[in-house]
Protein chains: 2
Amino acid sequence: MTDAQDCTRIKMIDAAIKLFNAQGYSGTSVRDICHEANVNPALISYYFGSKKGLLESLLVQFFEEYLHILEETLAEQGEHCARQLLLTCLKRALIYQQENHHLSRFVHREITIDTMLVRELMSTYLMKEKHIFYHVLKRGMDQHEFKKQPIDFIIIQLRGMLTMPFLHPQYIREVHHLVSHEQYFINHYLQYLTQWVDSYLCIRTKVKVPTFVRATTV
Amino acid sequence: MTDAQDCTRIKMIDAAIKLFNAQGYSGTSVRDICHEANVNPALISYYFGSKKGLLESLLVQFFEEYLHILEETLAEQGEHCARQLLLTCLKRALIYQQENHHLSRFVHREITIDTMLVRELMSTYLMKEKHIFYHVLKRGMDQHEFKKQPIDFIIIQLRGMLTMPFLHPQYIREVHHLVSHEQYFINHYLQYLTQWVDSYLCIRTKVKVPTFVRATTV
């Protein structure tokens, strides 16, 4: 693809994300997208086949990159403890969504609709995501880092915590007066997640006997 | 309203919830709804003014009842400890959504779209919901039942945990092979939430010395 073609494609994708977010997928026409992107309507079929093809392309692109980040983290941090591995996954997943917050919002909303396409995405990408989290949590439990708890429920909770700020930026803004894709929010939220991992998942390390007590005993 | 009118209204609401869930709000026409409900299209304007009026009626009805449940719990359990109060709120919020799981899914999805109507719902109902949870959490912290933690983040997490099974039933079914509106799921999920409240929010009560130890000491 030439630079000009790539640029046209990106312009159409940006216009689609903007309009899908504002009007919903069904409420947006091919004509709207091309008008917003200032391109010829014929180009939709050239680049994506149809509006549905464009939707599929957006969803697949989001999940491909997201899963790639998680898989890479798992591979490169193979020997780290489960706690560290999980925190790195959470951090990178947050940053990825922050960098693509308009797309994230649309994707998280769209996959709540029951269509054939969404089922396929579930059975490929979200199954993989589950297996990655399952692997990390199981390892933590086997190595006595994490308390034994029902893993499916932890993954459901984790997924809720990871997607909430990006699916619901408006709730967070209007009700809590916080802007969920800004850096200060991400930093504080990550601290909160770390604290959740430490106090909810991790087995507390045994209380150390303070040095002065041991000293007097000796 | 006569019984026959009430019945027609309910038939239209049920048809709308079904179609909005399957095709999205924008993707559903007044004609579709009346065809599904087997009523004359003119009745939409008689009962709801327009498709938008029907949408507003669905959203308001959901939140009115939901807030009523939370406010009633707060009033009737006024003297209970914060932990008990919070658990009763969570239990009733889950049961309410379970009983209205099709409507819940649609409402939770719809309020992620940025419209004037959604902003109004946020500033009335979701602000009230926040104040109720804030009140319970603050009381728990003041009475040294709960650990001091950033309340806004706890409420964001709580809301995520409460809505996740109903916004995302398909994810929970396809990926975790659980049916989120069935009774066994609600029971297990409530156990999980209880455990979350106890181990994440509550200050641990001091470990009691087992009776036999004290016995031998005596």
# chains A, B, ... in the order shown; residues from 1 in each chain; ligands from 1
>>> calpha_fit_rmsd(fixed="chain A", moving="chain B")
0.5 Å
>>> interface_residues(of="chain B", to="chain A", cutoff="9 Å", atoms="only C-alpha atoms", output="PDB file with N, CA and C atoms, in the first residue's frame")
ATOM      1  N   ASN B  21     -31.881  -5.059  21.657  1.00  0.00           N
ATOM      2  CA  ASN B  21     -30.764  -5.922  22.050  1.00  0.00           C
ATOM      3  C   ASN B  21     -30.146  -6.610  20.847  1.00  0.00           C
ATOM      4  N   ALA B  22     -30.995  -7.028  19.908  1.00  0.00           N
ATOM      5  CA  ALA B  22     -30.487  -7.801  18.773  1.00  0.00           C
ATOM      6  C   ALA B  22     -29.908  -6.898  17.681  1.00  0.00           C
ATOM      7  N   GLN B  23     -30.553  -5.757  17.430  1.00  0.00           N
ATOM      8  CA  GLN B  23     -30.171  -4.943  16.280  1.00  0.00           C
ATOM      9  C   GLN B  23     -29.652  -3.561  16.657  1.00  0.00           C
ATOM     10  N   GLY B  24     -29.655  -3.247  17.945  1.00  0.00           N
ATOM     11  CA  GLY B  24     -29.276  -1.900  18.375  1.00  0.00           C
ATOM     12  C   GLY B  24     -30.464  -0.957  18.232  1.00  0.00           C
ATOM     13  N   TYR B  25     -30.408   0.159  18.949  1.00  0.00           N
ATOM     14  CA  TYR B  25     -31.504   1.132  18.908  1.00  0.00           C
ATOM     15  C   TYR B  25     -31.672   1.726  17.512  1.00  0.00           C
ATOM     16  N   SER B  26     -30.543   2.187  16.924  1.00  0.00           N
ATOM     17  CA  SER B  26     -30.637   2.825  15.593  1.00  0.00           C
ATOM     18  C   SER B  26     -31.064   1.843  14.519  1.00  0.00           C
ATOM     19  N   GLY B  27     -30.698   0.583  14.706  1.00  0.00           N
ATOM     20  CA  GLY B  27     -30.999  -0.417  13.692  1.00  0.00           C
ATOM     21  C   GLY B  27     -32.429  -0.958  13.753  1.00  0.00           C
ATOM     22  N   THR B  28     -33.209  -0.446  14.717  1.00  0.00           N
ATOM     23  CA  THR B  28     -34.583  -0.932  14.882  1.00  0.00           C
ATOM     24  C   THR B  28     -35.570   0.185  14.526  1.00  0.00           C
ATOM     25  N   ARG B 105     -29.243  -5.443  30.085  1.00  0.00           N
ATOM     26  CA  ARG B 105     -28.201  -5.485  29.066  1.00  0.00           C
ATOM     27  C   ARG B 105     -28.307  -4.272  28.148  1.00  0.00           C
ATOM     28  N   ARG B 109     -25.658  -1.012  28.007  1.00  0.00           N
ATOM     29  CA  ARG B 109     -24.982  -0.705  26.752  1.00  0.00           C
ATOM     30  C   ARG B 109     -25.322   0.710  26.294  1.00  0.00           C
ATOM     31  N   GLU B 110     -26.609   1.054  26.375  1.00  0.00           N
ATOM     32  CA  GLU B 110     -27.084   2.339  25.849  1.00  0.00           C
ATOM     33  C   GLU B 110     -26.436   3.523  26.565  1.00  0.00           C
ATOM     34  N   ILE B 111     -26.199   3.378  27.869  1.00  0.00           N
ATOM     35  CA  ILE B 111     -25.640   4.537  28.588  1.00  0.00           C
ATOM     36  C   ILE B 111     -24.136   4.706  28.358  1.00  0.00           C
ATOM     37  N   THR B 112     -23.545   3.900  27.465  1.00  0.00           N
ATOM     38  CA  THR B 112     -22.151   4.165  27.092  1.00  0.00           C
ATOM     39  C   THR B 112     -22.102   5.114  25.891  1.00  0.00           C
ATOM     40  N   ILE B 113     -23.270   5.453  25.322  1.00  0.00           N
ATOM     41  CA  ILE B 113     -23.309   6.373  24.186  1.00  0.00           C
ATOM     42  C   ILE B 113     -23.535   7.797  24.705  1.00  0.00           C
ATOM     43  N   ASP B 114     -22.807   8.742  24.112  1.00  0.00           N
ATOM     44  CA  ASP B 114     -22.824  10.113  24.600  1.00  0.00           C
ATOM     45  C   ASP B 114     -23.975  10.917  23.976  1.00  0.00           C
ATOM     46  N   THR B 115     -25.135  10.927  24.644  1.00  0.00           N
ATOM     47  CA  THR B 115     -26.256  11.738  24.161  1.00  0.00           C
ATOM     48  C   THR B 115     -26.757  12.612  25.313  1.00  0.00           C
ATOM     49  N   ARG B 119     -26.672  11.908  29.424  1.00  0.00           N
ATOM     50  CA  ARG B 119     -26.117  12.856  30.396  1.00  0.00           C
ATOM     51  C   ARG B 119     -27.104  13.169  31.508  1.00  0.00           C
ATOM     52  N   MET B 122     -27.240  10.241  33.849  1.00  0.00           N
ATOM     53  CA  MET B 122     -26.040  10.226  34.690  1.00  0.00           C
ATOM     54  C   MET B 122     -26.207  11.188  35.856  1.00  0.00           C
ATOM     55  N   SER B 123     -26.635  12.425  35.515  1.00  0.00           N
ATOM     56  CA  SER B 123     -26.640  13.464  36.550  1.00  0.00           C
ATOM     57  C   SER B 123     -27.795  13.280  37.529  1.00  0.00           C
ATOM     58  N   LEU B 126     -27.322   8.090  38.228  1.00  0.00           N
ATOM     59  CA  LEU B 126     -26.013   7.533  38.573  1.00  0.00           C
ATOM     60  C   LEU B 126     -25.291   8.374  39.625  1.00  0.00           C
ATOM     61  N   MET B 127     -25.643   9.656  39.701  1.00  0.00           N
ATOM     62  CA  MET B 127     -25.118  10.478  40.799  1.00  0.00           C
ATOM     63  C   MET B 127     -25.715   9.986  42.119  1.00  0.00           C
ATOM     64  N   LYS B 130     -24.101   6.793  43.132  1.00  0.00           N
ATOM     65  CA  LYS B 130     -22.781   7.083  43.695  1.00  0.00           C
ATOM     66  C   LYS B 130     -22.910   7.560  45.142  1.00  0.00           C
ATOM     67  N   GLN B 149      -9.543   3.702  51.642  1.00  0.00           N
ATOM     68  CA  GLN B 149      -9.106   3.560  50.255  1.00  0.00           C
ATOM     69  C   GLN B 149      -9.823   4.617  49.421  1.00  0.00           C
ATOM     70  N   PRO B 150      -9.309   4.935  48.230  1.00  0.00           N
ATOM     71  CA  PRO B 150      -9.973   5.966  47.422  1.00  0.00           C
ATOM     72  C   PRO B 150     -11.395   5.537  47.025  1.00  0.00           C
ATOM     73  N   ASP B 152     -13.840   6.820  45.201  1.00  0.00           N
ATOM     74  CA  ASP B 152     -14.279   6.863  43.802  1.00  0.00           C
ATOM     75  C   ASP B 152     -13.870   5.596  43.047  1.00  0.00           C
ATOM     76  N   PHE B 153     -12.642   5.170  43.274  1.00  0.00           N
ATOM     77  CA  PHE B 153     -12.184   3.966  42.572  1.00  0.00           C
ATOM     78  C   PHE B 153     -12.948   2.724  43.039  1.00  0.00           C
ATOM     79  N   ILE B 154     -13.257   2.673  44.327  1.00  0.00           N
ATOM     80  CA  ILE B 154     -14.029   1.518  44.817  1.00  0.00           C
ATOM     81  C   ILE B 154     -15.404   1.511  44.157  1.00  0.00           C
ATOM     82  N   ILE B 156     -16.254   2.818  41.258  1.00  0.00           N
ATOM     83  CA  ILE B 156     -16.091   2.449  39.846  1.00  0.00           C
ATOM     84  C   ILE B 156     -15.954   0.923  39.727  1.00  0.00           C
ATOM     85  N   GLN B 157     -15.166   0.343  40.630  1.00  0.00           N
ATOM     86  CA  GLN B 157     -14.989  -1.109  40.607  1.00  0.00           C
ATOM     87  C   GLN B 157     -16.298  -1.833  40.932  1.00  0.00           C
ATOM     88  N   ARG B 159     -19.370  -0.754  40.562  1.00  0.00           N
ATOM     89  CA  ARG B 159     -20.308  -0.627  39.445  1.00  0.00           C
ATOM     90  C   ARG B 159     -19.939  -1.596  38.318  1.00  0.00           C
ATOM     91  N   GLY B 160     -18.638  -1.734  38.077  1.00  0.00           N
ATOM     92  CA  GLY B 160     -18.172  -2.690  37.073  1.00  0.00           C
ATOM     93  C   GLY B 160     -18.584  -4.106  37.438  1.00  0.00           C
ATOM     94  N   MET B 161     -18.385  -4.468  38.708  1.00  0.00           N
ATOM     95  CA  MET B 161     -18.715  -5.828  39.153  1.00  0.00           C
ATOM     96  C   MET B 161     -20.218  -6.086  39.106  1.00  0.00           C
ATOM     97  N   THR B 163     -22.453  -4.616  37.065  1.00  0.00           N
ATOM     98  CA  THR B 163     -23.062  -4.584  35.729  1.00  0.00           C
ATOM     99  C   THR B 163     -22.489  -5.638  34.780  1.00  0.00           C
ATOM    100  N   MET B 164     -21.209  -6.004  35.006  1.00  0.00           N
ATOM    101  CA  MET B 164     -20.518  -6.933  34.098  1.00  0.00           C
ATOM    102  C   MET B 164     -21.342  -8.166  33.676  1.00  0.00           C
ATOM    103  N   PRO B 165     -21.925  -8.932  34.626  1.00  0.00           N
ATOM    104  CA  PRO B 165     -22.628 -10.155  34.204  1.00  0.00           C
ATOM    105  C   PRO B 165     -23.848  -9.872  33.326  1.00  0.00           C
ATOM    106  N   LEU B 167     -24.272  -6.850  31.386  1.00  0.00           N
ATOM    107  CA  LEU B 167     -23.863  -6.185  30.148  1.00  0.00           C
ATOM    108  C   LEU B 167     -23.226  -7.196  29.203  1.00  0.00           C
ATOM    109  N   HIS B 168     -22.551  -8.186  29.770  1.00  0.00           N
ATOM    110  CA  HIS B 168     -21.704  -9.091  29.003  1.00  0.00           C
ATOM    111  C   HIS B 168     -22.100 -10.558  29.124  1.00  0.00           C
ATOM    112  N   PRO B 169     -23.403 -10.894  29.102  1.00  0.00           N
ATOM    113  CA  PRO B 169     -23.801 -12.290  29.305  1.00  0.00           C
ATOM    114  C   PRO B 169     -23.175 -13.229  28.274  1.00  0.00           C
ATOM    115  N   GLN B 170     -22.969 -12.670  27.079  1.00  0.00           N
ATOM    116  CA  GLN B 170     -22.461 -13.496  25.987  1.00  0.00           C
ATOM    117  C   GLN B 170     -20.994 -13.876  26.209  1.00  0.00           C
ATOM    118  N   TYR B 171     -20.215 -12.904  26.696  1.00  0.00           N
ATOM    119  CA  TYR B 171     -18.808 -13.180  27.038  1.00  0.00           C
ATOM    120  C   TYR B 171     -18.752 -14.266  28.109  1.00  0.00           C
ATOM    121  N   ILE B 172     -19.603 -14.117  29.106  1.00  0.00           N
ATOM    122  CA  ILE B 172     -19.596 -15.062  30.227  1.00  0.00           C
ATOM    123  C   ILE B 172     -20.047 -16.449  29.763  1.00  0.00           C
ATOM    124  N   GLU B 174     -19.944 -17.644  26.367  1.00  0.00           N
ATOM    125  CA  GLU B 174     -19.074 -18.217  25.329  1.00  0.00           C
ATOM    126  C   GLU B 174     -17.678 -18.535  25.851  1.00  0.00           C
ATOM    127  N   VAL B 175     -17.179 -17.685  26.743  1.00  0.00           N
ATOM    128  CA  VAL B 175     -15.788 -17.837  27.178  1.00  0.00           C
ATOM    129  C   VAL B 175     -15.672 -18.611  28.491  1.00  0.00           C
ATOM    130  N   HIS B 176     -16.639 -18.397  29.392  1.00  0.00           N
ATOM    131  CA  HIS B 176     -16.528 -19.073  30.694  1.00  0.00           C
ATOM    132  C   HIS B 176     -17.563 -20.181  30.883  1.00  0.00           C
ATOM    133  N   TYR B 189     -21.874 -15.884  42.378  1.00  0.00           N
ATOM    134  CA  TYR B 189     -21.315 -14.547  42.172  1.00  0.00           C
ATOM    135  C   TYR B 189     -21.468 -13.712  43.443  1.00  0.00           C
ATOM    136  N   TYR B 192     -18.876 -14.673  45.802  1.00  0.00           N
ATOM    137  CA  TYR B 192     -17.613 -14.075  45.383  1.00  0.00           C
ATOM    138  C   TYR B 192     -17.548 -12.604  45.813  1.00  0.00           C
ATOM    139  N   TRP B 196     -15.077 -10.718  48.381  1.00  0.00           N
ATOM    140  CA  TRP B 196     -14.368  -9.494  47.975  1.00  0.00           C
ATOM    141  C   TRP B 196     -14.548  -8.400  49.037  1.00  0.00           C
ATOM    142  N   SER B 199     -12.519  -9.568  52.206  1.00  0.00           N
ATOM    143  CA  SER B 199     -11.052  -9.584  52.210  1.00  0.00           C
ATOM    144  C   SER B 199     -10.465  -8.312  51.619  1.00  0.00           C
ATOM    145  N   TYR B 200     -11.218  -7.589  50.806  1.00  0.00           N
ATOM    146  CA  TYR B 200     -10.641  -6.391  50.196  1.00  0.00           C
ATOM    147  C   TYR B 200     -11.037  -5.118  50.935  1.00  0.00           C
TER     148      TYR B 200
END
>>> atom_distance(atom1="atom CA of A:Met12", atom2="atom CA of A:Ala93")
25.3 Å
>>> atom_distance(atom1="atom CA of A:Phe133", atom2="atom CA of A:Cys89")
8.9 Å
>>> select_by_dssp(residues="stretch 38-205 of chain A", states="alpha helix (DSSP H)", output="ChimeraX atom specification")
/A:42-48,51-76,82-99,101-110,116-121,127-142,151-167,169-176,183-196
